[in-house]
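Visitor: Below is the file final_1.cif, which contains mmCIF, C-alpha atoms.
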data_data
#
loop_
_atom_site.label_atom_id
_atom_site.label_comp_id
_atom_site.auth_asym_id
_atom_site.auth_seq_id
_atom_site.Cartn_x
_atom_site.Cartn_y
_atom_site.Cartn_z
CA MET A 633 8.61 41.59 -22.26
CA ARG A 634 11.06 42.41 -25.05
CA GLY A 635 10.98 46.15 -25.42
CA ASP A 636 7.33 47.01 -26.00
CA ALA A 637 6.36 43.49 -27.10
CA TRP A 638 5.07 40.63 -24.99
CA THR A 639 6.39 37.07 -25.03
CA VAL A 640 4.27 34.11 -23.95
CA ALA A 641 6.24 31.03 -22.88
CA ILE A 642 3.59 28.75 -21.44
CA ASP A 643 4.24 25.87 -23.82
CA ASP A 644 8.03 25.67 -23.51
CA PRO A 645 10.35 22.66 -22.90
CA THR A 646 10.77 23.31 -19.17
CA THR A 647 7.05 23.55 -18.51
CA ARG A 648 6.41 20.50 -20.68
CA LYS A 649 8.84 18.55 -18.50
CA VAL A 650 6.83 19.46 -15.41
CA ALA A 651 3.46 18.80 -17.06
CA ASP A 652 4.62 15.42 -18.35
CA TYR A 653 5.92 14.47 -14.91
CA TRP A 654 2.68 15.28 -13.09
CA GLY A 655 0.56 13.91 -15.90
CA GLY A 656 2.44 10.63 -15.57
CA LEU A 657 1.66 10.48 -11.86
CA VAL A 658 -2.02 11.09 -12.51
CA GLN A 659 -2.05 8.45 -15.26
CA GLU A 660 -0.36 6.03 -12.87
CA GLY A 661 -3.02 6.73 -10.25
CA VAL A 662 -0.71 7.84 -7.44
CA VAL A 663 -1.93 11.46 -7.56
CA ASP A 664 -5.59 12.32 -7.08
CA ASN A 665 -7.28 13.97 -10.04
CA LYS A 666 -10.12 15.59 -8.08
CA PRO A 667 -10.44 19.38 -7.56
CA MET A 668 -9.58 20.97 -4.23
CA TYR A 669 -11.92 22.60 -1.73
CA THR A 670 -14.84 20.28 -2.40
CA PRO A 671 -16.69 18.12 0.18
CA GLU A 672 -14.96 15.08 -1.32
CA TRP A 673 -11.56 16.74 -0.95
CA ASN A 674 -12.30 17.69 2.66
CA ALA A 675 -13.34 14.13 3.44
CA ALA A 676 -10.08 12.78 1.98
CA LEU A 677 -8.09 15.13 4.22
CA ASN A 678 -9.93 13.88 7.26
CA ASP A 679 -10.00 10.14 6.64
CA GLY A 680 -6.37 9.79 5.53
CA THR A 681 -7.14 9.03 1.89
CA GLN A 682 -5.12 12.09 0.94
CA VAL A 683 -1.72 11.88 2.58
CA GLY A 684 -0.16 15.05 1.16
CA TRP A 685 -1.01 18.39 -0.37
CA LEU A 686 1.15 20.71 -2.45
CA SER A 687 0.32 24.11 -1.05
CA ALA A 688 1.66 27.39 0.28
CA VAL A 689 2.56 28.83 3.67
CA TRP A 690 -1.12 29.62 4.27
CA ALA A 691 -2.03 25.92 4.19
CA PRO A 692 -2.33 25.54 8.00
CA GLY A 693 -5.37 27.82 7.98
CA VAL A 694 -7.11 25.73 5.32
CA LEU A 695 -6.33 22.49 7.13
CA ALA A 696 -7.48 23.87 10.48
CA ASP A 697 -10.80 24.92 8.96
CA ASN A 698 -11.43 21.73 7.00
CA ALA A 699 -9.62 18.94 8.86
CA ALA A 700 -9.31 20.12 12.45
CA SER A 701 -9.17 16.57 13.83
CA THR A 702 -5.92 15.91 11.96
CA LYS A 703 -3.95 18.52 13.91
CA GLY A 704 -0.47 17.25 14.69
CA ARG A 705 -0.51 14.70 11.87
CA TRP A 706 0.91 16.96 9.16
CA LYS A 707 4.46 18.09 8.48
CA VAL A 708 5.68 20.72 6.04
CA ALA A 709 8.51 19.78 3.67
CA ALA A 710 10.28 21.46 0.79
CA LEU A 711 9.46 20.26 -2.70
CA PRO A 712 11.88 17.78 -4.30
CA GLN A 713 14.07 19.48 -6.89
CA TRP A 714 15.18 18.61 -10.40
CA ASP A 715 18.60 20.01 -9.43
CA PRO A 716 19.20 20.21 -5.66
CA ALA A 717 22.10 22.59 -6.29
CA LYS A 718 19.69 25.06 -7.90
CA PRO A 719 16.47 24.93 -5.85
CA ALA A 720 13.48 26.68 -7.36
CA THR A 721 9.85 27.07 -6.46
CA GLY A 722 6.84 29.17 -7.42
CA ASN A 723 4.55 31.61 -5.66
CA TRP A 724 0.94 30.57 -5.15
CA GLY A 725 -0.04 34.02 -3.94
CA GLY A 726 -2.05 34.89 -0.89
CA SER A 727 0.69 36.91 0.79
CA ALA A 728 0.32 40.27 -0.92
CA THR A 729 -1.17 43.47 0.47
CA SER A 730 -2.25 45.81 -2.31
CA VAL A 731 -3.59 49.33 -2.60
CA THR A 732 -5.85 50.08 -5.56
CA SER A 733 -5.63 53.24 -7.60
CA GLN A 734 -9.29 53.89 -6.76
CA SER A 735 -8.54 54.29 -3.06
CA LYS A 736 -9.34 57.72 -1.61
CA HIS A 737 -6.42 57.38 0.80
CA ARG A 738 -3.68 55.75 -1.24
CA LYS A 739 -0.76 57.26 0.67
CA GLN A 740 -2.11 56.25 4.06
CA ALA A 741 -3.10 52.79 2.81
CA ALA A 742 0.38 52.23 1.36
CA GLU A 743 1.97 53.27 4.65
CA PHE A 744 -0.31 50.87 6.52
CA ALA A 745 0.53 48.03 4.10
CA ALA A 746 4.25 48.66 4.61
CA TRP A 747 3.83 48.66 8.39
CA LEU A 748 1.69 45.53 8.30
CA ASN A 749 4.40 43.60 6.46
CA THR A 750 7.54 44.94 8.16
CA ASP A 751 6.84 45.69 11.83
CA PRO A 752 7.65 42.61 13.96
CA ALA A 753 4.50 42.94 16.07
CA SER A 754 2.18 43.29 13.08
CA VAL A 755 3.98 40.51 11.19
CA LYS A 756 3.41 38.13 14.08
CA ALA A 757 -0.29 39.04 14.24
CA LEU A 758 -0.67 38.82 10.45
CA ALA A 759 0.82 35.34 10.32
CA ALA A 760 -1.26 34.14 13.27
CA THR A 761 -4.61 35.44 12.01
CA ALA A 762 -4.31 35.29 8.23
CA ASN A 763 -1.72 32.51 7.75
CA VAL A 764 0.25 34.54 5.21
CA TYR A 765 3.98 35.00 4.86
CA PRO A 766 4.96 38.70 5.07
CA ALA A 767 7.34 40.32 2.61
CA SER A 768 10.01 41.42 5.09
CA LEU A 769 12.49 38.64 5.82
CA ASP A 770 14.07 40.80 8.55
CA ALA A 771 10.74 41.00 10.36
CA THR A 772 9.97 37.31 9.97
CA ALA A 773 13.29 36.41 11.55
CA THR A 774 12.31 38.11 14.80
CA ALA A 775 8.52 37.68 14.73
CA LEU A 776 7.96 34.16 13.38
CA THR A 777 9.82 32.20 16.03
CA ALA A 778 7.00 29.70 16.68
CA PRO A 779 5.17 27.59 14.07
CA PRO A 780 1.45 27.96 13.31
CA ALA A 781 -0.76 26.34 15.94
CA PHE A 782 -1.84 23.58 13.54
CA PHE A 783 1.85 22.64 13.10
CA ALA A 784 2.79 23.26 16.72
CA GLY A 785 5.15 20.29 16.82
CA GLN A 786 7.28 21.43 13.88
CA ALA A 787 9.75 24.03 15.11
CA ASP A 788 11.38 24.48 11.69
CA PHE A 789 8.11 25.37 9.88
CA TYR A 790 9.12 28.97 9.15
CA ALA A 791 12.74 28.04 8.44
CA ILE A 792 11.48 25.86 5.59
CA ALA A 793 9.15 28.65 4.48
CA GLU A 794 12.05 31.13 4.44
CA ALA A 795 14.22 28.81 2.36
CA SER A 796 11.38 28.35 -0.13
CA ALA A 797 10.81 32.11 -0.30
CA LYS A 798 14.44 32.68 -1.22
CA ALA A 799 14.18 30.11 -4.03
CA THR A 800 11.01 31.59 -5.56
CA ASN A 801 11.39 32.36 -9.26
CA PRO A 802 10.12 35.79 -10.37
CA PHE A 803 7.48 36.12 -13.05
CA THR A 804 5.37 38.78 -14.73
CA TYR A 805 1.60 38.71 -14.93
CA GLY A 806 0.48 39.11 -18.53
CA PRO A 807 -2.09 41.73 -19.55
CA ASN A 808 -4.75 39.02 -19.97
CA VAL A 809 -3.84 36.77 -17.05
CA ASN A 810 -7.55 36.20 -16.46
CA VAL A 811 -7.82 34.56 -19.88
CA ALA A 812 -4.68 32.49 -19.29
CA TYR A 813 -5.92 31.29 -15.91
CA SER A 814 -9.34 30.42 -17.28
CA ALA A 815 -7.68 28.42 -20.06
CA TYR A 816 -5.49 26.71 -17.47
CA SER A 817 -8.43 25.71 -15.28
CA ASP A 818 -10.39 24.35 -18.24
CA ALA A 819 -7.57 22.59 -20.10
CA PHE A 820 -5.90 21.01 -17.10
CA GLY A 821 -9.23 20.11 -15.54
CA LYS A 822 -10.02 18.09 -18.66
CA ALA A 823 -6.51 16.61 -18.68
CA ALA A 824 -6.88 15.47 -15.07
CA GLN A 825 -10.20 13.81 -15.85
CA ALA A 826 -8.66 12.08 -18.88
CA LYS A 827 -5.89 10.60 -16.70
CA ARG A 828 -3.45 10.64 -19.63
CA ALA A 829 0.05 12.08 -19.35
CA ALA A 830 -0.12 13.30 -22.95
CA ALA A 831 -3.24 15.32 -22.13
CA PHE A 832 -1.21 17.45 -19.72
CA THR A 833 1.25 18.58 -22.37
CA GLU A 834 -1.63 19.07 -24.79
CA ALA A 835 -3.20 21.37 -22.19
CA LEU A 836 -0.11 23.59 -22.35
CA SER A 837 -0.57 24.00 -26.10
CA THR A 838 -4.20 24.94 -25.52
CA MET A 839 -3.22 27.51 -22.90
CA GLN A 840 -0.54 29.01 -25.12
CA ARG A 841 -2.83 29.26 -28.13
CA THR A 842 -5.76 30.70 -26.18
CA THR A 843 -3.63 33.29 -24.42
CA VAL A 844 -1.80 34.42 -27.55
CA ASP A 845 -4.96 34.59 -29.66
CA ASP A 846 -6.67 36.74 -27.06
CA MET A 847 -3.69 39.12 -26.84
CA LYS A 848 -3.63 39.52 -30.60
CA ASN A 849 -7.38 40.12 -30.73
CA THR A 850 -7.16 42.82 -28.08
CA GLY A 851 -4.29 44.64 -29.80
CA PHE A 852 -1.21 43.68 -27.80
CA LYS A 853 2.12 43.46 -29.60
CA LEU A 854 3.85 40.09 -29.38
CA ALA A 855 7.51 39.32 -29.99
CA GLY A 856 8.45 36.51 -32.33
#
Turn this file's structure into C-alpha cells for me.
Guide:
Amino acid sequence: MRGDAWTVAIDDPTTRKVADYWGGLVQEGVVDNKPMYTPEWNAALNDGTQVGWLSAVWAPGVLADNAASTKGRWKVAALPQWDPAKPATGNWGGSATSVTSQSKHRKQAAEFAAWLNTDPASVKALAATANVYPASLDATATALTAPPAFFAGQADFYAIAEASAKATNPFTYGPNVNVAYSAYSDAFGKAAQAKRAAAFTEALSTMQRTTVDDMKNTGFKLAG
C-alpha cells in the first residue's frame, strides 16, 4: 500500500518475464498443461510420465498419499534462479497456524499456536504428521534433523527447505484476494489449454483488470 491507497502490480515487467518463460515451456510441450490433483495427474506421478513437480515443503505428504510406490525415487532441489547471487522464491502456503477473531479462547489458542511452531518437540511432531514447515528457524535446526520418511535417503532435505525459506519474498494479500485468485485460476487455466506463450502474459492483464475493477466497485482507494 501507499498510505491509505492500494497498488496492484500483477501485470508488471517482472511477472511478465516469468509468465512468458513458463508459457514458452508449455507451448514447447516440455511442461504438462494439465491441472494437479486429478486422477490423470496421480497416474502420471506413478508411471513416470511426470518427472518433476514444483511444490512446497509439504509435497512429501501429497506424494506419499498419491504415489506411494515411488518412494525413494524423488529428490528435492532448489529452483533455478534468474540471478544466483540474489536467490528468491515464493510461499505456497500451508505452513501457517491462525487464530480467528471469532474464537472464544483467542489468547489460549494463540499461545498454543506459538508453542506448536516453536517448541522443538512439537515442531518435530508437526512436520512428521502434517508435512508443514514451522515458523521458528531456531526450532527447526534442532528438531528437523531427519528428512521426511518419503525422502528418507535425502539427508539435506530440510537444509534446502531452510535456504528456500530465507529467500522467500514477502507479499501482502489484497482485500479481494479471493477475486484475484479466481481470476488467476480461470485466466491461466485457459492459457494452459491454449498452449501459447502469449496467452500467459495476456492472462496477467486479465488478472490485473479483474482485480482492479473489483476493488474500485467495492470502494477501495487505489494509487496511480
Visitor: Do you have the CA of Gly722 in chain A-CA of Asn801 in chain A distance handy?
Guide: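 According to the coordinates, CA of Gly722 in chain A and CA of Asn801 in chain A are separated by 5.9 Å.
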Visitor: If the PyMOL selection byres ((chain A and resi 828) around 9) is run on the structure shown, which residues does it catch, given as a list in words?
Guide: Gly655, Gly656, Val658, Gln659, Glu660, Ala823, Ala824, Gln825, Ala826, Lys827, Ala829, Ala830, Ala831 and Phe832 of chain A
Visitor: One decimal, in Å: what's the spacing between CA of Thr772 in chain A and CA of Ala793 in chain A?
Guide: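 Separation of CA of Thr772 in chain A and CA of Ala793 in chain A: 10.3 Å.
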Visitor: Which residues match the PyMOL selection byres ((chain A and resi 726-738) around 12) in the file above, as a VMD selection string?
Guide: chain A and resid 687 to 691 693 723 to 725 739 to 750 755 758 to 759 762 to 768 797
Visitor: Counting only C-alpha atoms, figure out which residue out of A:Gln786, A:Thr842, A:Thr670, A:Thr639 gets nearest to Gly806 in chain A.
Guide: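 Closest to Gly806 in chain A, using only C-alpha atoms: A:Thr639.
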Visitor: Given only C-alpha atoms as the basis, pick out the residue of A:Ala651, A:Ile642, A:Val694, A:Ala791 nearest to Ala812 in chain A.
Guide: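 Once distances to Ala812 in chain A are computed over only C-alpha atoms, the minimum belongs to A:Ile642.
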Visitor: Taking every listed atom of range 805-822 of chain A and adding 5 Å to each side, what centre and edge lengths in Å (one decimal) does the axis-aligned box have, as lines of an AutoDock Vina configuration file?
Guide:
center_x = -4.4
center_y = 29.9
center_z = -17.5
size_x = 22.0
size_y = 33.6
size_z = 15.2
Visitor: Quick one: of A:Val683, A:Ala760, A:Ala855, A:Ala637, who's nearest to Ala781 in chain A, counting only C-alpha atoms?
Guide: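 Nearest to Ala781 in chain A: A:Ala760.
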Visitor: Rounded to one decimal in Å, what is the spacing between CA of Asn698 in chain A and CA of Ala784 in chain A?
Guide: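 A separation of 17.3 Å between them.
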Visitor: A:Ala819, A:Met668, A:Leu769, A:Val650: which is nearest Glu794 in chain A, counting only C-alpha atoms?
Guide: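 Of A:Ala819, A:Met668, A:Leu769, A:Val650, the one nearest Glu794 in chain A is A:Leu769, counting only C-alpha atoms.
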Visitor: Could you expand the PyMOL selection byres ((chain A and resi 678) around 9) into the explicit residues it covers here, written as an NGL selection string?
Guide: :A and (673-677 or 679-682 or 698-702)
Visitor: Determine, counting only C-alpha atoms, which protein, DNA and RNA residues have an atom within 8 Å of an atom of Phe789 in chain A; residues of the same chain fewer than 6 positions away are not included. Present the result as a list in words.
Guide: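 Residues meeting the cut-off are Val708, Pro779, Pro780 and Phe783 of chain A.
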Visitor: May I ask which of the residues A:Pro692, A:Asn808, A:Thr800, A:Gly821 is the closest one to Lys848 in chain A, counting all atoms listed in the file?
Guide: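 Ranking A:Pro692, A:Asn808, A:Thr800, A:Gly821 by distance to Lys848 in chain A, first place goes to A:Asn808.
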Visitor: Name all residues at most 6 Å from range 837-841 of chain A (count all atoms listed in the file; drop same-chain ones fewer than 5 positions away) and give them as a PDB file with C-alpha atoms, keeping the file's coordinate frame.
Guide:
ATOM      1  CA  ILE A 642       3.590  28.750 -21.440  1.00  0.00           C
ATOM      2  CA  ASP A 643       4.240  25.870 -23.820  1.00  0.00           C
ATOM      3  CA  ALA A 815      -7.680  28.420 -20.060  1.00  0.00           C
ATOM      4  CA  TYR A 816      -5.490  26.710 -17.470  1.00  0.00           C
TER       5      TYR A 816
END
Visitor: Just checking: using only C-alpha atoms, which residue out of A:Ala773, A:Val809, A:Ala753, A:Leu836 ends up closest to Asp644 in chain A?
Guide: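 Looking only at the distances to Asp644 in chain A, the closest residue turns out to be A:Leu836.
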Visitor: Can range 779-790 of chain A be brought up to all heavy atoms and written out as a compact mmCIF listing (two decimals), in the frame of the given file?
Guide:
# COMPACT_ATOMS: atom_id res chain seq x y z
N PRO A 779 5.96 28.03 15.24
CA PRO A 779 5.17 27.59 14.07
C PRO A 779 3.69 27.88 14.26
O PRO A 779 3.23 28.17 15.37
CB PRO A 779 5.43 26.08 14.04
CG PRO A 779 5.68 25.73 15.47
CD PRO A 779 6.44 26.90 16.04
N PRO A 780 2.90 27.80 13.18
CA PRO A 780 1.45 27.96 13.31
C PRO A 780 0.89 26.91 14.27
O PRO A 780 1.46 25.82 14.41
CB PRO A 780 0.94 27.72 11.88
CG PRO A 780 2.12 28.02 11.01
CD PRO A 780 3.31 27.58 11.79
N ALA A 781 -0.20 27.24 14.93
CA ALA A 781 -0.76 26.34 15.94
C ALA A 781 -1.06 24.95 15.39
O ALA A 781 -0.88 23.94 16.09
CB ALA A 781 -2.03 26.96 16.52
N PHE A 782 -1.49 24.87 14.13
CA PHE A 782 -1.84 23.58 13.54
C PHE A 782 -0.61 22.70 13.33
O PHE A 782 -0.71 21.49 13.23
CB PHE A 782 -2.57 23.78 12.21
CG PHE A 782 -3.40 22.60 11.79
CD1 PHE A 782 -4.66 22.38 12.34
CD2 PHE A 782 -2.94 21.70 10.85
CE1 PHE A 782 -5.43 21.28 11.97
CE2 PHE A 782 -3.69 20.60 10.46
CZ PHE A 782 -4.94 20.39 11.03
N PHE A 783 0.57 23.34 13.27
CA PHE A 783 1.85 22.64 13.10
C PHE A 783 2.72 22.86 14.33
O PHE A 783 3.94 22.99 14.22
CB PHE A 783 2.57 23.14 11.85
CG PHE A 783 2.00 22.63 10.56
CD1 PHE A 783 0.80 23.13 10.07
CD2 PHE A 783 2.65 21.66 9.83
CE1 PHE A 783 0.26 22.68 8.87
CE2 PHE A 783 2.13 21.19 8.63
CZ PHE A 783 0.92 21.69 8.15
N ALA A 784 2.09 22.89 15.49
CA ALA A 784 2.79 23.26 16.72
C ALA A 784 4.03 22.40 17.00
O ALA A 784 4.97 22.86 17.65
CB ALA A 784 1.82 23.19 17.91
N GLY A 785 4.04 21.18 16.53
CA GLY A 785 5.15 20.29 16.82
C GLY A 785 6.32 20.42 15.86
O GLY A 785 7.32 19.71 16.00
N GLN A 786 6.22 21.31 14.88
CA GLN A 786 7.28 21.43 13.88
C GLN A 786 7.98 22.78 14.02
O GLN A 786 7.59 23.78 13.43
CB GLN A 786 6.73 21.28 12.46
CG GLN A 786 7.84 21.21 11.42
CD GLN A 786 7.34 20.88 10.03
OE1 GLN A 786 6.13 20.72 9.81
NE2 GLN A 786 8.25 20.77 9.08
N ALA A 787 9.04 22.79 14.80
CA ALA A 787 9.75 24.03 15.11
C ALA A 787 10.38 24.69 13.89
O ALA A 787 10.58 25.91 13.88
CB ALA A 787 10.82 23.75 16.17
N ASP A 788 10.69 23.91 12.86
CA ASP A 788 11.38 24.48 11.69
C ASP A 788 10.40 24.88 10.58
O ASP A 788 10.81 25.09 9.43
CB ASP A 788 12.41 23.50 11.14
CG ASP A 788 11.78 22.19 10.65
OD1 ASP A 788 10.59 21.95 10.93
OD2 ASP A 788 12.50 21.40 10.00
N PHE A 789 9.12 25.02 10.89
CA PHE A 789 8.11 25.37 9.88
C PHE A 789 8.53 26.63 9.12
O PHE A 789 8.57 26.64 7.88
CB PHE A 789 6.75 25.58 10.55
CG PHE A 789 5.65 25.94 9.58
CD1 PHE A 789 4.82 24.95 9.06
CD2 PHE A 789 5.43 27.26 9.18
CE1 PHE A 789 3.80 25.27 8.16
CE2 PHE A 789 4.41 27.58 8.28
CZ PHE A 789 3.61 26.59 7.77
N TYR A 790 8.81 27.71 9.83
CA TYR A 790 9.12 28.97 9.15
C TYR A 790 10.53 28.99 8.56
O TYR A 790 10.81 29.77 7.65
CB TYR A 790 8.91 30.15 10.09
CG TYR A 790 7.44 30.50 10.24
CD1 TYR A 790 6.79 30.40 11.46
CD2 TYR A 790 6.69 30.90 9.14
CE1 TYR A 790 5.43 30.70 11.58
CE2 TYR A 790 5.34 31.18 9.25
CZ TYR A 790 4.72 31.09 10.48
OH TYR A 790 3.38 31.38 10.58
